[in-house]
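Worksheet: the structure to be examined is printed underneath.
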Amino acid sequence: MGDISEQDQRRRRLAAWKASGRILWRGSADRPLGERLASLAADASSVHDLDEWTDVYGDGVVAELESRVAGLLGFPAAAFFPTGTMAQQVALRCWAGRTGNATVALHPLSHPEVHEGGALSVVSGLRTVHPTSAPRLPTAEEIHGADEPFGTLMLELPLRDAGFVLPAWDELVDVVAAARERDAVVHFDGARLWECETHFGRPLKEIAGLADSVYVSFYKSLDGMSGAMLVGPSAVVEEARVWRHRYGGQLFQQYPAALSALLGLDRELPRLPSYVAHARVVATALAEGFGAPGPAGGPAVVPWFRVHPRTPHTHQFQVWLPYEAAVLNEAAVRQAEETGVTLFRRWFEPGAGPPGAAVAEVTVGSAGLEWTADDVRRALGEFMARVARVATESGPAD
């Protein structure tokens with residue numbers, strides 16, 4: 001397993017996922033270039049007049065997308081960005097200038113702290129503080145009790161690296177109020193805000209309306225190609241456009257990303273509540289399967305596991321197992337190749353947690369709606385049988 005390059009491993013996974021007749025989620029990046037281009041060309045006319053001229057530096061279809069998202073989230077203005085990393089840096093530095101405080105309060109597991117190479121400080125000159133290190137978003141009490149002033153509170157909804165977790169609605173309202181009592185503005189990292197309606201029991205406009213500005217992604221939940229949107233007050237968004245140019249984000253043409261985003265809003269957004277509901281069915285079946293007794297009523301086949309959260313807050317959740325990631329990845333791809341069933345896609349060594357454990361992120365999309373609880377338990381049994389074989393082949397861990 002260790003002698004194969006990462007690129008070859010990726011190609012093997014993609015081929016296995018594409019050939020799978022049963023899979024919980026198919027991502028747009030799983031498809032070959034020709035298929036992806038043909039699909040966009042065939043579907044784009046349903047969301048935009050293709051006889052119009054192409055966009056140039058953000059007009060045309062890009063401006064149409066901005067207007068639609070601003071209205072959908074209840075803000076007066078929106079600006080399209082090529083990446084969420086850029087959108088959030090720009091938003092946070094705009095707020096720093098307005099508040100006079102370059103300190104941002106956020107969770108240590110939030111995307112800028114874990115996945116952006118320290119860009120907030122290195123590129124944008126911002127400083128971060130952490131109201132809590134618990135694997136959840138901060139409470140109002142923790143915001144009130146923060147040791148030093150901060151200009152902006154950034155909340156990632158949901159907090160991906162803690163297990164795609166969300167607070168209760170009343171808790172979120174109280175946290176936002178606590179920040180405002182400290183004269184701070186509130187920015188939502190809403191990369192996955194689209195699927196939060198079910199948990200909160202509130203429409204998107206009401207959820208987003210708690211914040212002073214919000215960033216949303218188009219590829220994480222809506223199956224778009226790329227791109228992000230920053231929504232907020234008109235003056236802030238106009239300043240953000242200036243900084244977007246300075247950061248190199250004023251692209252000449254962006255129509256493929258904009259068209260795919262519009263398609264996602266039309267097709268995927270209305271289906272997200274059904275994905276969230278079915279993710280709860282899948283998570284329950286996995287927990288039951290992991291905890292089932294072994295042969296002849298003996299101990300469970302899995303010595304230890306976690307399905308987290310046990311009732312998912314969105315259509316994504318974590319599964320933890322006490323095996324090396326390489327063993328679990330090999331078992332997962334063999335199952336797909338040998339049975340045409342993909343239960344788990346990728347396993348990772350966690351940045352924190354017990355040694356010898358690995359975590360997978362499970363996403364339930366349209367393909368997953370076909371799975372019954374029995375299908376999940378059956379696929380899990382086949383997966384664990386392959387784990388046992390691969391672990392034996394690999395020999396004891398060092």
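Residues in the structure tokens are named by chain (A, B, ... in the order shown) and by number from 1 within that chain; ligands are numbered from 1 in the order shown.
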
Nearby residues (only C-alpha atoms) at most 12 Å from A:Tyr219, same-chain spacing under 2 positions excluded, as an MDAnalysis selection string: chainID A and resid 27:29 82:84 191:192 194 216:217 221:229 257:265 268:269

Stretch 259-288 of chain A residues near stretch 355-377 of chain A within 10 Å, closest pair each, using only C-alpha atoms, as JSON lines:
{"residue": "A:Glu268", "atom": "CA", "partner": "A:Ser366", "partner_atom": "CA", "distance": 8.7}
{"residue": "A:Arg271", "atom": "CA", "partner": "A:Ser366", "partner_atom": "CA", "distance": 7.9}
{"residue": "A:Leu272", "atom": "CA", "partner": "A:Gly365", "partner_atom": "CA", "distance": 8.0}
{"residue": "A:Ser274", "atom": "CA", "partner": "A:Leu369", "partner_atom": "CA", "distance": 8.0}
{"residue": "A:Tyr275", "atom": "CA", "partner": "A:Gly365", "partner_atom": "CA", "distance": 5.6}
{"residue": "A:Val276", "atom": "CA", "partner": "A:Val364", "partner_atom": "CA", "distance": 7.5}
{"residue": "A:Ala277", "atom": "CA", "partner": "A:Val364", "partner_atom": "CA", "distance": 9.4}
{"residue": "A:His278", "atom": "CA", "partner": "A:Leu369", "partner_atom": "CA", "distance": 6.5}
{"residue": "A:Ala279", "atom": "CA", "partner": "A:Val364", "partner_atom": "CA", "distance": 5.6}
{"residue": "A:Arg280", "atom": "CA", "partner": "A:Val364", "partner_atom": "CA", "distance": 9.4}
{"residue": "A:Val281", "atom": "CA", "partner": "A:Ala373", "partner_atom": "CA", "distance": 6.5}
{"residue": "A:Val282", "atom": "CA", "partner": "A:Ala373", "partner_atom": "CA", "distance": 6.3}
{"residue": "A:Ala283", "atom": "CA", "partner": "A:Val362", "partner_atom": "CA", "distance": 8.9}
{"residue": "A:Thr284", "atom": "CA", "partner": "A:Ala373", "partner_atom": "CA", "distance": 8.0}
{"residue": "A:Ala285", "atom": "CA", "partner": "A:Ala373", "partner_atom": "CA", "distance": 5.3}
{"residue": "A:Leu286", "atom": "CA", "partner": "A:Arg377", "partner_atom": "CA", "distance": 6.3}
{"residue": "A:Ala287", "atom": "CA", "partner": "A:Arg377", "partner_atom": "CA", "distance": 9.0}
{"residue": "A:Glu288", "atom": "CA", "partner": "A:Arg377", "partner_atom": "CA", "distance": 7.6}

Those of stretch 117-290 of chain A in DSSP strand (DSSP E), formatted as an MDAnalysis selection string: chainID A and resid 127:129 152:156 185:190 213:217 228:232

Selection from above, N, CA, C and O atoms, as a compact mmCIF listing (two decimals), in the first residue's frame, can you write it?
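Wrote selection03.txt, looks like this:
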# COMPACT_ATOMS: atom_id res chain seq x y z
N ARG A 127 -5.03 39.11 13.86
CA ARG A 127 -4.62 38.29 15.01
C ARG A 127 -5.82 37.51 15.48
O ARG A 127 -6.95 38.01 15.44
N THR A 128 -5.62 36.26 15.92
CA THR A 128 -6.75 35.45 16.34
C THR A 128 -6.65 35.08 17.81
O THR A 128 -5.55 34.90 18.35
N VAL A 129 -7.81 34.96 18.44
CA VAL A 129 -7.92 34.46 19.81
C VAL A 129 -9.02 33.40 19.82
O VAL A 129 -9.90 33.39 18.96
N THR A 152 -14.06 41.23 15.81
CA THR A 152 -15.00 40.38 15.07
C THR A 152 -15.04 38.99 15.70
O THR A 152 -14.00 38.43 16.06
N LEU A 153 -16.23 38.44 15.83
CA LEU A 153 -16.41 37.04 16.19
C LEU A 153 -16.76 36.30 14.92
O LEU A 153 -17.73 36.63 14.23
N MET A 154 -15.95 35.29 14.56
CA MET A 154 -16.23 34.46 13.39
C MET A 154 -16.73 33.10 13.86
O MET A 154 -16.06 32.43 14.64
N LEU A 155 -17.89 32.70 13.37
CA LEU A 155 -18.48 31.42 13.73
C LEU A 155 -18.60 30.56 12.48
O LEU A 155 -19.23 30.98 11.49
N GLU A 156 -18.02 29.37 12.50
CA GLU A 156 -18.13 28.44 11.38
C GLU A 156 -19.35 27.55 11.60
O GLU A 156 -19.42 26.79 12.56
N VAL A 185 -18.46 42.84 15.89
CA VAL A 185 -19.34 42.42 14.81
C VAL A 185 -19.25 40.90 14.68
O VAL A 185 -18.33 40.27 15.22
N VAL A 186 -20.18 40.32 13.96
CA VAL A 186 -20.25 38.86 13.82
C VAL A 186 -20.21 38.50 12.34
O VAL A 186 -20.99 39.03 11.54
N HIS A 187 -19.29 37.59 12.01
CA HIS A 187 -19.18 37.07 10.64
C HIS A 187 -19.38 35.57 10.68
O HIS A 187 -18.78 34.88 11.52
N PHE A 188 -20.22 35.05 9.79
CA PHE A 188 -20.44 33.60 9.70
C PHE A 188 -19.59 33.02 8.58
O PHE A 188 -19.69 33.47 7.43
N ASP A 189 -18.76 32.04 8.93
CA ASP A 189 -18.17 31.16 7.92
C ASP A 189 -19.27 30.15 7.59
O ASP A 189 -19.42 29.14 8.26
N GLY A 190 -20.04 30.48 6.56
CA GLY A 190 -21.18 29.64 6.20
C GLY A 190 -20.91 28.81 4.97
O GLY A 190 -21.81 28.63 4.14
N SER A 213 -22.09 39.80 8.38
CA SER A 213 -21.68 39.36 7.04
C SER A 213 -21.60 37.85 7.05
O SER A 213 -21.43 37.22 8.10
N VAL A 214 -21.72 37.26 5.87
CA VAL A 214 -21.73 35.80 5.73
C VAL A 214 -20.98 35.43 4.46
O VAL A 214 -21.12 36.09 3.42
N TYR A 215 -20.19 34.36 4.55
CA TYR A 215 -19.60 33.76 3.35
C TYR A 215 -20.26 32.41 3.14
O TYR A 215 -20.49 31.66 4.08
N VAL A 216 -20.59 32.09 1.87
CA VAL A 216 -21.12 30.77 1.52
C VAL A 216 -20.31 30.21 0.36
O VAL A 216 -19.76 30.96 -0.46
N SER A 217 -20.23 28.89 0.31
CA SER A 217 -19.52 28.19 -0.75
C SER A 217 -20.52 27.59 -1.73
O SER A 217 -21.66 27.30 -1.36
N ALA A 228 -17.22 31.29 -4.26
CA ALA A 228 -17.80 31.64 -2.97
C ALA A 228 -18.49 32.99 -3.09
O ALA A 228 -18.22 33.76 -4.03
N MET A 229 -19.34 33.29 -2.14
CA MET A 229 -20.03 34.58 -2.13
C MET A 229 -19.90 35.19 -0.74
O MET A 229 -20.08 34.51 0.27
N LEU A 230 -19.60 36.48 -0.72
CA LEU A 230 -19.62 37.26 0.51
C LEU A 230 -20.82 38.19 0.45
O LEU A 230 -20.97 38.96 -0.51
N VAL A 231 -21.68 38.11 1.46
CA VAL A 231 -22.84 39.00 1.54
C VAL A 231 -22.73 39.85 2.78
O VAL A 231 -22.18 39.44 3.80
N GLY A 232 -23.26 41.08 2.69
CA GLY A 232 -23.18 41.98 3.82
C GLY A 232 -23.74 43.34 3.48
O GLY A 232 -24.38 43.53 2.43

Selected residue, from A:Ala211, A:Ala336, A:Val69, A:Val114, that lies nearest to A:Gly351 when counting only C-alpha atoms: A:Val114

Distance query A:Leu343 at most 7 Å, only C-alpha atoms, self and fewer than 6 positions along chain excluded, as a VMD selection string: chain A and resid 23 to 24 379

Could you list, as a PDB file with C-alpha atoms, in the first residue's frame, every residue within 10 Å of A:Arg136, counting only C-alpha atoms and ignoring same-chain residues fewer than 4 positions away?
ATOM      1  CA  HIS A 107     -12.520  28.433  17.176  1.00  0.00           C
ATOM      2  CA  LEU A 109     -10.657  24.069  14.724  1.00  0.00           C
ATOM      3  CA  THR A 132     -12.888  27.934  23.730  1.00  0.00           C
ATOM      4  CA  PRO A 158     -21.294  23.969  11.012  1.00  0.00           C
ATOM      5  CA  LEU A 159     -17.884  23.476  12.642  1.00  0.00           C
ATOM      6  CA  ARG A 160     -16.514  20.865  10.254  1.00  0.00           C
ATOM      7  CA  ASP A 161     -13.441  19.579  12.057  1.00  0.00           C
ATOM      8  CA  ALA A 162     -15.383  19.013  15.269  1.00  0.00           C
ATOM      9  CA  GLY A 163     -17.822  16.759  13.399  1.00  0.00           C
ATOM     10  CA  PHE A 164     -20.000  19.209  11.420  1.00  0.00           C
ATOM     11  CA  VAL A 165     -21.558  20.337  14.708  1.00  0.00           C
ATOM     12  CA  LEU A 166     -23.986  23.173  15.350  1.00  0.00           C
ATOM     13  CA  PRO A 167     -25.297  24.821  18.513  1.00  0.00           C
TER      14      PRO A 167
END
